[in-house]
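For reference, the structure is listed below as structure tokens.
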Number of protein chains: 2
Amino acid sequence: MPDKSLRISRASTSARRRPMMLGVAGDNAAGKTTLTAGLVEALGARRCLSFSADDYHRFDRAERRGMKLTPSHPDCNYIDIFEQHLQLLATGQPVLKPVYDHSIGELTRPERVEPRDFVIVHGLLPLHSRLARACFDVTVFVDPAEDLRRTWRMRRDTTTRGYSTDQLTAEMAAADTESTQFVQPQRAHADIVVRFASIAERDDPPDTPPSAELLLRPTIRHPDLTDVLQSEITPTIHLRLVRDDDGIPVDSVHIHGYTSAEENAAAEKLIWEALGDPRTAIPESLGVLGPGQHSTPLAITQMILFHHLTQGTH
Amino acid sequence: MPDKSLRISRASTSARRRPMMLGVAGDNAAGKTTLTAGLVEALGARRCLSFSADDYHRFDRAERRGMKLTPSHPDCNYIDIFEQHLQLLATGQPVLKPVYDHSIGELTRPERVEPRDFVIVHGLLPLHSRLARACFDVTVFVDPAEDLRRTWRMRRDTTTRGYSTDQLTAEMAAADTESTQFVQPQRAHADIVVRFASIAERDDPPDTPPSAELLLRPTIRHPDLTDVLQSEITPTIHLRLVRDDDGIPVDSVHIHGYTSAEENAAAEKLIWEALGDPRTAIPESLGVLGPGQHSTPLAITQMILFHHLTQGTH
């Protein structure tokens with residue numbers, strides 16, 4: 001047969017629309033799902049395809065037990081298939097996506113998904129490989145303070161994922177090394193780093209939402225917030241020019257978790273008018289930590305991502 | 001982000017080796033697996049990736065029950081994902097292939113497969129779409145006489161696939177219409193049509209292997225068999241120039257099922273020396289119908305395919 005490539009390309013359908021793609025990496029229970037779920041709802045669920053990179057786990061929970069590998073290790077994931085599926089989605093094509101059921105720790109029947117206007121992928125290792133990173137328009141690393149993350153994880157995995165406390169303590173210990181080796185290094189490749197932290201020095205009541213720091217790296221063009229984030233206008237938020245770990249200049253947006261509800265609402269409104277769609281009210285899903293729990297740092301992080309996804313060009 | 005396509009192509013690894021690809025279509029129990037299994041063993045299992053297009057079923061057996069669709073309907077299959085996976089394999093890339101477990105009629109966890117020297121795909125609808133067909137170097141339609149096929153199917157599905165006779169009779173009746181509409185039309189797109197048939201007029205004993213007719217269509221370059229297939233040399237086999245249904249000239253190779261073991265062995269040897277690898281003996285797997293059952297028509301069909309896969313250029 002003379003030229004199969006040509007035959008294939010002739011038989012293929014024509015160009016498709018390309019979605020805007022966001023990759024959100026971070027450790028277990030770093031808050032990735034909370035961050036992306038509110039964003040998806042604000043963008044409109046029907047315009048989004050959102051899934052977990054953890055669906056690309058190679059082994060189920062039972063198989064991993066005999067292995068000394070945790071899901072944070074690239075060898076525990078079909079990295080090459082993940083890259084391939086991202087490329088297909090980035091070029092407007094459907095994929096038959098594997099499904100990892102976190103509630104039972106098993107790989108189940110795959111599902112066909114199509115890219116929509118926005119493709120949002122969160123997980124342990126979505127930014128691990130160069131080819132995967134090349135598929136995203138915006139990349140985020142969620143990096144909560146370690147004490148906060150451990151509390152979040154223990155609460156979640158013993159309630160909704162069927163882990164015993166002992167199993168989980170063992171898996172978390174094993175994951176520490178792999179996190180340092182594979183999950184944390186993705187931070188260096190993120191356009192935005194989100195750090196949630198309780199402020200230990202202050203005497204905040206235990207239910208005070210964590211504060212947040214956003215590093216906006218100059219790897220993509222960020223919205224200009226200098227006008228909005230003047231200290232006399234928004235006492236809740238500070239914008240500072242700092243140097244990143246590697247010496248490169250970045251904008252650091254610090255958002256307090258403890259300020260009053262009125263101050264918070266005013267700050268959110270200002271940012272939404274600057275970044276979101278000023279013709280609409282702030283979507284109610286932004287900043288939702290859980291039933292009845294609101295976090296202004298989370299809301300503002302989501303607004304910045306909303307801006308990138310809806311205003312970005314690609 | 002200025003040019004994601006460029007970033008993706010830069011991050012991709014370089015060109016890969018392209019496999020030789022064979023597609024074998026035909027109805028349920030037409031003999032596709034028997035044909036391909038012996039061929040795979042002759043080529044060397046480690047050099048082959050062989051799988052069923054039926055893995056791309058969209059629904060499991062329980063879901064289909066409420067539906068009025070049988071697996072022979074394209075809507076019952078992820079045709080677009082199948083096309084996509086064939087394209088990836090054709091360009092040397094791995095895929096995460098869905099898995100349909102025929103023994104229980106369920107879709108299960110997918111498996112990662114890589115193309116090897118030969119990719120052999122058999123199933124109900126592998127040649128249904130233009131794009132799928134463009135991915136194959138050689139295409140075959142297996143077209144046994146209907147009485148033969150029904151006997152084969154009843155025997156197989158009630159023993160190894162857990163169907164009751166009633167269930168199967170119902171599914172076979174429903175599949176008839178869809179077979180006419182979607183499975184049979186693939187015959188027109190095959191480079192080779194294999195027709196097995198019992199010869200009713202003769203008084204062969206019941207265990208006589210079926211005879212076979214192979215149509216070699218001029219859509220690919222077939223080996224020249226005119227020297228070997230002289231009636232004085234091989235009484236078992238006749239080569240005739242005929243017109244296909246659409247009037248196009250084709251070679252018709254007719255292979256008797258009833259001739260003596262000695263005549264058959266001589267014919268196989270001649271064909272193998274002309275088409276296979278004359279330095280080696282005929283692989284034992286060629287012509288195996290089942291334990292202890294040998295069919296010369298099947299062996300010769302497989303030899304012609306062996307020739308195409310190992311000698312073909314692409």
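Naming scheme: A, B, ... for chains in displayed order of the structure tokens; residues 1 onward per chain; ligands 1 onward as shown.
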Considering only C-alpha atoms, give me a table of residues in chain A that are at most 10 Å from chain B, with the closest atom pair and distance in Å for each, as JSON lines.
{"residue": "A:Met1", "atom": "CA", "partner": "B:His314", "partner_atom": "CA", "distance": 5.2}
{"residue": "A:Pro2", "atom": "CA", "partner": "B:His314", "partner_atom": "CA", "distance": 6.0}
{"residue": "A:Asp3", "atom": "CA", "partner": "B:His314", "partner_atom": "CA", "distance": 6.9}
{"residue": "A:Lys4", "atom": "CA", "partner": "B:Ala134", "partner_atom": "CA", "distance": 6.6}
{"residue": "A:Ser5", "atom": "CA", "partner": "B:Cys135", "partner_atom": "CA", "distance": 8.2}
{"residue": "A:Leu6", "atom": "CA", "partner": "B:Ala134", "partner_atom": "CA", "distance": 8.9}
{"residue": "A:Arg7", "atom": "CA", "partner": "B:Ala134", "partner_atom": "CA", "distance": 5.6}
{"residue": "A:Ile8", "atom": "CA", "partner": "B:Ala134", "partner_atom": "CA", "distance": 5.2}
{"residue": "A:Ser9", "atom": "CA", "partner": "B:Leu131", "partner_atom": "CA", "distance": 8.5}
{"residue": "A:Arg10", "atom": "CA", "partner": "B:Leu131", "partner_atom": "CA", "distance": 8.3}
{"residue": "A:Ala11", "atom": "CA", "partner": "B:Leu131", "partner_atom": "CA", "distance": 4.9}
{"residue": "A:Ser12", "atom": "CA", "partner": "B:Leu131", "partner_atom": "CA", "distance": 6.2}
{"residue": "A:Thr13", "atom": "CA", "partner": "B:Leu131", "partner_atom": "CA", "distance": 8.9}
{"residue": "A:Tyr56", "atom": "CA", "partner": "B:Leu96", "partner_atom": "CA", "distance": 9.8}
{"residue": "A:Arg58", "atom": "CA", "partner": "B:Arg112", "partner_atom": "CA", "distance": 9.1}
{"residue": "A:Tyr78", "atom": "CA", "partner": "B:Arg112", "partner_atom": "CA", "distance": 8.2}
{"residue": "A:Asp80", "atom": "CA", "partner": "B:Pro94", "partner_atom": "CA", "distance": 8.2}
{"residue": "A:Ile81", "atom": "CA", "partner": "B:Val95", "partner_atom": "CA", "distance": 6.6}
{"residue": "A:Phe82", "atom": "CA", "partner": "B:Leu96", "partner_atom": "CA", "distance": 9.5}
{"residue": "A:Glu83", "atom": "CA", "partner": "B:Ser12", "partner_atom": "CA", "distance": 9.3}
{"residue": "A:Gln84", "atom": "CA", "partner": "B:Val95", "partner_atom": "CA", "distance": 8.5}
{"residue": "A:His85", "atom": "CA", "partner": "B:Val95", "partner_atom": "CA", "distance": 9.5}
{"residue": "A:Leu86", "atom": "CA", "partner": "B:Ile8", "partner_atom": "CA", "distance": 9.9}
{"residue": "A:Gln87", "atom": "CA", "partner": "B:Ile8", "partner_atom": "CA", "distance": 7.4}
{"residue": "A:Leu88", "atom": "CA", "partner": "B:Gln84", "partner_atom": "CA", "distance": 9.3}
{"residue": "A:Ala90", "atom": "CA", "partner": "B:Ser5", "partner_atom": "CA", "distance": 8.6}
{"residue": "A:Thr91", "atom": "CA", "partner": "B:Ser5", "partner_atom": "CA", "distance": 8.3}
{"residue": "A:Gln93", "atom": "CA", "partner": "B:Gln84", "partner_atom": "CA", "distance": 9.0}
{"residue": "A:Pro94", "atom": "CA", "partner": "B:Ile81", "partner_atom": "CA", "distance": 7.4}
{"residue": "A:Val95", "atom": "CA", "partner": "B:Ile81", "partner_atom": "CA", "distance": 6.6}
{"residue": "A:Leu96", "atom": "CA", "partner": "B:Ile81", "partner_atom": "CA", "distance": 6.7}
{"residue": "A:Lys97", "atom": "CA", "partner": "B:Leu96", "partner_atom": "CA", "distance": 8.5}
{"residue": "A:Pro98", "atom": "CA", "partner": "B:Pro110", "partner_atom": "CA", "distance": 6.9}
{"residue": "A:Val99", "atom": "CA", "partner": "B:Arg109", "partner_atom": "CA", "distance": 8.3}
{"residue": "A:Tyr100", "atom": "CA", "partner": "B:Arg109", "partner_atom": "CA", "distance": 9.4}
{"residue": "A:Glu106", "atom": "CA", "partner": "B:Arg109", "partner_atom": "CA", "distance": 9.0}
{"residue": "A:Leu107", "atom": "CA", "partner": "B:Arg109", "partner_atom": "CA", "distance": 5.8}
{"residue": "A:Thr108", "atom": "CA", "partner": "B:Arg109", "partner_atom": "CA", "distance": 4.9}
{"residue": "A:Arg109", "atom": "CA", "partner": "B:Thr108", "partner_atom": "CA", "distance": 4.9}
{"residue": "A:Pro110", "atom": "CA", "partner": "B:Pro110", "partner_atom": "CA", "distance": 6.8}
{"residue": "A:Glu111", "atom": "CA", "partner": "B:Arg58", "partner_atom": "CA", "distance": 9.2}
{"residue": "A:Arg112", "atom": "CA", "partner": "B:Ile81", "partner_atom": "CA", "distance": 8.2}
{"residue": "A:Ser129", "atom": "CA", "partner": "B:Ala11", "partner_atom": "CA", "distance": 9.1}
{"residue": "A:Arg130", "atom": "CA", "partner": "B:Ala11", "partner_atom": "CA", "distance": 6.1}
{"residue": "A:Leu131", "atom": "CA", "partner": "B:Ala11", "partner_atom": "CA", "distance": 4.9}
{"residue": "A:Ala132", "atom": "CA", "partner": "B:Ile8", "partner_atom": "CA", "distance": 8.3}
{"residue": "A:Arg133", "atom": "CA", "partner": "B:Ile8", "partner_atom": "CA", "distance": 8.6}
{"residue": "A:Ala134", "atom": "CA", "partner": "B:Ile8", "partner_atom": "CA", "distance": 5.2}
{"residue": "A:Cys135", "atom": "CA", "partner": "B:Ile8", "partner_atom": "CA", "distance": 6.3}
{"residue": "A:Phe136", "atom": "CA", "partner": "B:Lys4", "partner_atom": "CA", "distance": 8.0}
{"residue": "A:Asp137", "atom": "CA", "partner": "B:Met1", "partner_atom": "CA", "distance": 6.1}
{"residue": "A:Val138", "atom": "CA", "partner": "B:Met1", "partner_atom": "CA", "distance": 8.5}
{"residue": "A:Thr219", "atom": "CA", "partner": "B:Met1", "partner_atom": "CA", "distance": 9.3}
{"residue": "A:Ile220", "atom": "CA", "partner": "B:Met1", "partner_atom": "CA", "distance": 7.0}
{"residue": "A:Arg221", "atom": "CA", "partner": "B:Met1", "partner_atom": "CA", "distance": 8.5}
{"residue": "A:Gly312", "atom": "CA", "partner": "B:Met1", "partner_atom": "CA", "distance": 7.9}
{"residue": "A:Thr313", "atom": "CA", "partner": "B:Met1", "partner_atom": "CA", "distance": 6.6}
{"residue": "A:His314", "atom": "CA", "partner": "B:Met1", "partner_atom": "CA", "distance": 5.1}
Exercise for the section: Find the residues near His122 of chain B: any atom within 9 Å, counting only C-alpha atoms, skip ones fewer than 2 places away on the same chain, and give them as a PyMOL selection string. Expected result: chain B and resi 22-26+32-33+36+50-54+120+124-126
Exercise for the section: Mind checking which residues fall within 8 Å of segment 269-271 of chain B, counting only C-alpha atoms, ignoring those fewer than 4 positions away in the same chain, and posting them as a ChimeraX atom specification? Expected result: /B:228,265,275-276,282,300,303
Problem - His254 of chain A surroundings by only C-alpha atoms, 7 Å radius, close-in-sequence under 5 positions cut, as a VMD selection string - result: chain A and resid 212 to 214 237 to 239
Exercise for the section: Write out as a list in words the residues lying within 12 Å of Asp157 of chain A, counting only C-alpha atoms and excluding same-chain residues fewer than 5 positions away. Expected result: Asn28, Ala29, His102, Ser103, Ile104, Gly105, Arg149, Arg150, Thr151, Trp152, Gly162, Tyr163, Ser164, Thr165, Asp166, Gln167, Leu168, Thr169, Glu171 and Met172 of chain A
Exercise for the section: Output as a ChimeraX atom specification all residues of segment 61-269 of chain A that backbone DSSP marks as helix (DSSP H, G or I). Expected result: /A:61-65,74-76,79-90,130-134,146-159,165-189,261-269
Close residues, Ile255 of chain A itself excluded, 12 Å, only C-alpha atoms, min 3 positions apart in chain, as a compact mmCIF listing (two decimals) with all heavy atoms, in the first residue's frame:
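This is the output file around05.txt:
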# COMPACT_ATOMS: atom_id res chain seq x y z
N VAL A 194 -0.75 28.24 44.33
CA VAL A 194 -1.71 28.65 45.36
C VAL A 194 -1.30 28.00 46.66
O VAL A 194 -1.18 26.77 46.74
CB VAL A 194 -3.13 28.15 45.03
CG1 VAL A 194 -4.13 28.76 46.02
CG2 VAL A 194 -3.51 28.47 43.60
N ARG A 195 -1.05 28.82 47.66
CA ARG A 195 -0.68 28.27 48.95
C ARG A 195 -1.71 28.68 50.00
O ARG A 195 -1.87 29.85 50.31
CB ARG A 195 0.70 28.80 49.35
CG ARG A 195 1.20 28.18 50.64
CD ARG A 195 2.68 28.46 50.86
NE ARG A 195 3.11 27.82 52.09
CZ ARG A 195 3.49 26.55 52.18
NH1 ARG A 195 3.50 25.80 51.11
NH2 ARG A 195 3.85 26.04 53.35
N PHE A 196 -2.42 27.67 50.52
CA PHE A 196 -3.34 27.94 51.63
C PHE A 196 -2.60 27.66 52.94
O PHE A 196 -1.85 26.69 53.03
CB PHE A 196 -4.58 27.04 51.56
CG PHE A 196 -5.48 27.34 50.40
CD1 PHE A 196 -5.46 26.56 49.26
CD2 PHE A 196 -6.34 28.44 50.45
CE1 PHE A 196 -6.30 26.84 48.18
CE2 PHE A 196 -7.18 28.72 49.38
CZ PHE A 196 -7.15 27.92 48.24
N ALA A 197 -2.82 28.49 53.94
CA ALA A 197 -2.17 28.24 55.23
C ALA A 197 -3.00 28.83 56.36
O ALA A 197 -3.59 29.91 56.23
CB ALA A 197 -0.77 28.85 55.24
N SER A 198 -3.07 28.12 57.48
CA SER A 198 -3.60 28.71 58.70
C SER A 198 -2.51 29.61 59.23
O SER A 198 -1.32 29.36 59.04
CB SER A 198 -3.90 27.64 59.75
OG SER A 198 -4.72 26.65 59.20
N ILE A 199 -2.89 30.67 59.89
CA ILE A 199 -1.85 31.54 60.41
C ILE A 199 -1.70 31.23 61.90
O ILE A 199 -2.51 31.60 62.74
CB ILE A 199 -2.18 33.02 60.16
CG1 ILE A 199 -2.29 33.19 58.64
CG2 ILE A 199 -1.09 33.90 60.71
CD1 ILE A 199 -2.53 34.59 58.18
N PRO A 209 -11.34 30.46 58.04
CA PRO A 209 -10.82 29.90 56.79
C PRO A 209 -9.34 30.20 56.64
O PRO A 209 -8.87 31.24 57.13
CB PRO A 209 -11.62 30.64 55.71
CG PRO A 209 -12.78 31.25 56.40
CD PRO A 209 -12.36 31.49 57.82
N PRO A 210 -8.59 29.32 56.00
CA PRO A 210 -7.17 29.60 55.80
C PRO A 210 -6.96 30.83 54.92
O PRO A 210 -7.81 31.19 54.13
CB PRO A 210 -6.65 28.34 55.11
CG PRO A 210 -7.85 27.62 54.62
CD PRO A 210 -9.01 28.03 55.45
N SER A 211 -5.84 31.47 55.12
CA SER A 211 -5.47 32.55 54.21
C SER A 211 -4.80 31.92 52.98
O SER A 211 -4.57 30.72 52.96
CB SER A 211 -4.50 33.51 54.90
OG SER A 211 -3.31 32.83 55.21
N ALA A 212 -4.53 32.74 51.98
CA ALA A 212 -3.91 32.16 50.79
C ALA A 212 -2.88 33.11 50.22
O ALA A 212 -3.01 34.34 50.32
CB ALA A 212 -4.96 31.85 49.73
N GLU A 213 -1.86 32.54 49.62
CA GLU A 213 -0.91 33.33 48.85
C GLU A 213 -0.88 32.77 47.44
O GLU A 213 -0.78 31.56 47.23
CB GLU A 213 0.49 33.22 49.46
CG GLU A 213 1.48 34.09 48.69
CD GLU A 213 2.90 33.98 49.22
OE1 GLU A 213 3.22 33.00 49.92
OE2 GLU A 213 3.70 34.89 48.91
N LEU A 214 -1.04 33.68 46.47
CA LEU A 214 -0.95 33.26 45.07
C LEU A 214 0.31 33.84 44.47
O LEU A 214 0.52 35.05 44.50
CB LEU A 214 -2.12 33.83 44.26
CG LEU A 214 -3.43 33.07 44.27
CD1 LEU A 214 -4.22 33.43 45.50
CD2 LEU A 214 -4.19 33.39 43.01
N LEU A 215 1.12 32.96 43.89
CA LEU A 215 2.26 33.45 43.11
C LEU A 215 1.85 33.44 41.65
O LEU A 215 1.44 32.41 41.12
CB LEU A 215 3.47 32.54 43.29
CG LEU A 215 4.13 32.52 44.65
CD1 LEU A 215 5.40 31.66 44.59
CD2 LEU A 215 4.49 33.94 45.10
N LEU A 229 -5.63 46.37 43.59
CA LEU A 229 -5.08 45.90 44.86
C LEU A 229 -4.21 46.96 45.54
O LEU A 229 -3.07 46.73 45.90
CB LEU A 229 -4.30 44.61 44.64
CG LEU A 229 -5.14 43.45 44.09
CD1 LEU A 229 -4.32 42.19 43.98
CD2 LEU A 229 -6.36 43.22 44.97
N SER A 231 -3.67 49.13 48.91
CA SER A 231 -4.02 48.78 50.29
C SER A 231 -5.17 49.63 50.83
O SER A 231 -5.95 49.18 51.65
CB SER A 231 -2.80 48.88 51.19
OG SER A 231 -2.27 50.18 51.09
N THR A 234 -8.46 47.74 49.13
CA THR A 234 -8.79 46.38 49.57
C THR A 234 -7.83 45.92 50.66
O THR A 234 -6.79 45.32 50.37
CB THR A 234 -8.68 45.39 48.39
OG1 THR A 234 -7.46 45.66 47.70
CG2 THR A 234 -9.84 45.49 47.46
N PRO A 235 -8.22 46.19 51.93
CA PRO A 235 -7.34 45.80 53.05
C PRO A 235 -7.18 44.29 53.18
O PRO A 235 -6.22 43.81 53.78
CB PRO A 235 -8.05 46.38 54.27
CG PRO A 235 -9.47 46.58 53.86
CD PRO A 235 -9.44 46.85 52.39
N THR A 236 -8.10 43.54 52.59
CA THR A 236 -8.06 42.08 52.66
C THR A 236 -6.90 41.48 51.87
O THR A 236 -6.42 40.39 52.17
CB THR A 236 -9.39 41.54 52.07
OG1 THR A 236 -10.42 41.90 52.96
CG2 THR A 236 -9.38 40.04 51.90
N ILE A 237 -6.47 42.20 50.85
CA ILE A 237 -5.52 41.62 49.89
C ILE A 237 -4.30 42.52 49.72
O ILE A 237 -4.43 43.75 49.66
CB ILE A 237 -6.21 41.46 48.51
CG1 ILE A 237 -7.58 40.81 48.68
CG2 ILE A 237 -5.35 40.66 47.58
CD1 ILE A 237 -8.36 40.71 47.40
N HIS A 238 -3.16 41.90 49.64
CA HIS A 238 -1.96 42.65 49.34
C HIS A 238 -1.29 42.10 48.10
O HIS A 238 -1.20 40.90 47.93
CB HIS A 238 -0.95 42.53 50.50
CG HIS A 238 -1.53 42.97 51.79
ND1 HIS A 238 -1.91 44.25 52.06
CD2 HIS A 238 -1.82 42.25 52.90
CE1 HIS A 238 -2.39 44.32 53.28
NE2 HIS A 238 -2.36 43.12 53.82
N LEU A 239 -0.83 43.01 47.28
CA LEU A 239 -0.07 42.62 46.10
C LEU A 239 1.37 43.06 46.32
O LEU A 239 1.64 44.22 46.62
CB LEU A 239 -0.64 43.31 44.86
CG LEU A 239 0.05 43.05 43.53
CD1 LEU A 239 -0.10 41.61 43.10
CD2 LEU A 239 -0.50 44.00 42.46
N ARG A 240 2.29 42.11 46.20
CA ARG A 240 3.69 42.48 46.38
C ARG A 240 4.51 41.89 45.25
O ARG A 240 4.24 40.79 44.78
CB ARG A 240 4.23 41.91 47.70
CG ARG A 240 3.72 42.64 48.93
CD ARG A 240 4.47 42.13 50.16
NE ARG A 240 4.37 40.68 50.25
CZ ARG A 240 5.33 39.90 50.72
NH1 ARG A 240 6.49 40.42 51.11
NH2 ARG A 240 5.16 38.60 50.78
N SER A 252 3.10 38.45 44.03
CA SER A 252 2.57 37.65 45.12
C SER A 252 1.29 38.32 45.63
O SER A 252 1.31 39.47 46.03
CB SER A 252 3.60 37.55 46.25
OG SER A 252 2.96 37.18 47.45
N TYR A 258 -8.97 36.00 57.67
CA TYR A 258 -9.62 36.34 58.94
C TYR A 258 -10.39 37.64 58.92
O TYR A 258 -11.02 38.01 59.90
CB TYR A 258 -8.57 36.41 60.06
CG TYR A 258 -7.44 37.37 59.73
CD1 TYR A 258 -7.59 38.75 59.87
CD2 TYR A 258 -6.23 36.88 59.25
CE1 TYR A 258 -6.56 39.61 59.54
CE2 TYR A 258 -5.20 37.74 58.93
CZ TYR A 258 -5.36 39.10 59.08
OH TYR A 258 -4.34 39.95 58.75
N THR A 259 -10.34 38.36 57.80
CA THR A 259 -10.99 39.68 57.81
C THR A 259 -12.51 39.55 57.85
O THR A 259 -13.05 38.47 57.63
CB THR A 259 -10.55 40.50 56.58
OG1 THR A 259 -10.55 39.64 55.47
CG2 THR A 259 -9.19 41.11 56.78
N GLU A 263 -15.66 43.24 54.64
CA GLU A 263 -14.42 43.53 53.91
C GLU A 263 -14.19 42.50 52.81
O GLU A 263 -13.82 42.82 51.68
CB GLU A 263 -13.22 43.50 54.88
CG GLU A 263 -13.08 44.75 55.72
CD GLU A 263 -11.97 44.58 56.76
OE1 GLU A 263 -11.88 43.49 57.38
OE2 GLU A 263 -11.19 45.53 56.95
N ASN A 264 -14.44 41.24 53.17
CA ASN A 264 -14.24 40.17 52.19
C ASN A 264 -15.15 40.32 50.97
O ASN A 264 -14.71 40.20 49.83
CB ASN A 264 -14.53 38.80 52.83
CG ASN A 264 -13.40 38.39 53.75
OD1 ASN A 264 -12.31 38.97 53.70
ND2 ASN A 264 -13.68 37.43 54.61
N ALA A 267 -13.98 43.09 48.76
CA ALA A 267 -12.78 42.71 47.99
C ALA A 267 -13.17 41.80 46.83
O ALA A 267 -12.71 41.97 45.69
CB ALA A 267 -11.78 42.01 48.90
N GLU A 268 -14.02 40.83 47.10
CA GLU A 268 -14.44 39.91 46.04
C GLU A 268 -15.13 40.66 44.90
O GLU A 268 -14.92 40.37 43.72
CB GLU A 268 -15.38 38.83 46.60
CG GLU A 268 -14.67 37.83 47.48
CD GLU A 268 -15.56 36.68 47.93
OE1 GLU A 268 -16.56 36.39 47.24
OE2 GLU A 268 -15.26 36.07 48.98
N ILE A 271 -12.61 42.56 42.74
CA ILE A 271 -11.83 41.66 41.88
C ILE A 271 -12.71 41.10 40.75
O ILE A 271 -12.30 41.01 39.60
CB ILE A 271 -11.25 40.49 42.70
CG1 ILE A 271 -10.34 41.01 43.81
CG2 ILE A 271 -10.53 39.49 41.80
CD1 ILE A 271 -8.91 41.17 43.44
N SER A 295 -14.78 30.81 51.56
CA SER A 295 -13.40 31.30 51.70
C SER A 295 -13.13 32.34 50.63
O SER A 295 -13.18 32.05 49.44
CB SER A 295 -12.43 30.12 51.57
OG SER A 295 -11.15 30.60 51.18
N THR A 296 -12.81 33.55 51.09
CA THR A 296 -12.49 34.61 50.13
C THR A 296 -11.18 34.31 49.38
O THR A 296 -11.11 34.50 48.16
CB THR A 296 -12.43 35.98 50.85
OG1 THR A 296 -13.76 36.31 51.24
CG2 THR A 296 -11.88 37.06 49.95
N PRO A 297 -10.15 33.80 50.04
CA PRO A 297 -8.94 33.44 49.29
C PRO A 297 -9.24 32.46 48.16
O PRO A 297 -8.75 32.62 47.03
CB PRO A 297 -8.04 32.80 50.35
CG PRO A 297 -8.47 33.42 51.62
CD PRO A 297 -9.95 33.66 51.50
N LEU A 298 -10.08 31.47 48.45
CA LEU A 298 -10.45 30.50 47.41
C LEU A 298 -11.20 31.19 46.27
O LEU A 298 -10.91 30.97 45.09
CB LEU A 298 -11.30 29.38 48.02
CG LEU A 298 -11.86 28.34 47.07
CD1 LEU A 298 -10.73 27.56 46.39
CD2 LEU A 298 -12.80 27.37 47.80
N ALA A 299 -12.16 32.05 46.64
CA ALA A 299 -12.95 32.74 45.62
C ALA A 299 -12.06 33.56 44.69
O ALA A 299 -12.23 33.54 43.46
CB ALA A 299 -13.99 33.64 46.28
N ILE A 300 -11.10 34.24 45.25
CA ILE A 300 -10.26 35.12 44.43
C ILE A 300 -9.32 34.31 43.54
O ILE A 300 -9.08 34.64 42.37
CB ILE A 300 -9.53 36.15 45.32
CG1 ILE A 300 -10.60 37.12 45.86
CG2 ILE A 300 -8.42 36.87 44.57
CD1 ILE A 300 -10.12 38.08 46.90
N THR A 301 -8.82 33.21 44.09
CA THR A 301 -8.02 32.30 43.27
C THR A 301 -8.84 31.84 42.06
O THR A 301 -8.37 31.86 40.91
CB THR A 301 -7.60 31.07 44.10
OG1 THR A 301 -6.94 31.52 45.27
CG2 THR A 301 -6.70 30.16 43.31
Exercise for the section: Run DSSP on the backbone and give me the residues of segment 9-189 of chain B it puts in strand (DSSP E or B), as an NGL selection string. Expected result: :B and (20-26 or 48-52 or 57 or 77 or 95-101 or 106-113 or 118-123 or 138-142)
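Atom CA of Val142 of chain A is positioned 7.7 Å from atom CA of Asp27 of chain A.
Residues in contact with Asp277 of chain B at 10 Å, where only C-alpha atoms are counted and same-chain residues fewer than 4 positions away are skipped, are listed as Trp272, Glu273, Ala281, Ile282, Pro283, Met303, Phe306, His307, Thr310 and Gln311 of chain B.
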Please, could you write that set of residues out with C-alpha atoms as a PDB file, in the first residue's frame?
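Contents of selection17.pdb, as written:
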ATOM      1  CA  TRP B 272       4.190 -22.526   1.404  1.00  0.00           C
ATOM      2  CA  GLU B 273       7.285 -22.751  -0.742  1.00  0.00           C
ATOM      3  CA  ALA B 281       8.779 -25.954   7.600  1.00  0.00           C
ATOM      4  CA  ILE B 282       5.090 -25.064   7.441  1.00  0.00           C
ATOM      5  CA  PRO B 283       4.160 -23.683  10.878  1.00  0.00           C
ATOM      6  CA  MET B 303      -0.464 -18.655   4.000  1.00  0.00           C
ATOM      7  CA  PHE B 306       1.204 -14.580   5.972  1.00  0.00           C
ATOM      8  CA  HIS B 307       2.719 -13.635   2.632  1.00  0.00           C
ATOM      9  CA  THR B 310       5.630 -10.474   5.851  1.00  0.00           C
ATOM     10  CA  GLN B 311       6.368  -9.508   2.246  1.00  0.00           C
TER      11      GLN B 311
END
Handout entry: Separation of atom CA of Ala173 of chain B from atom CA of Arg153 of chain B, in Å and rounded to one decimal
Key = 12.6 Å
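Between Val183 of chain B and the candidates B:Leu225, B:Ala261, B:Cys76, B:Leu127, the tightest atom-to-atom separation, counting only C-alpha atoms, involves B:Leu127.
Going from atom CA of Phe59 of chain B over to atom CA of His73 of chain B, you cover 11.3 Å.
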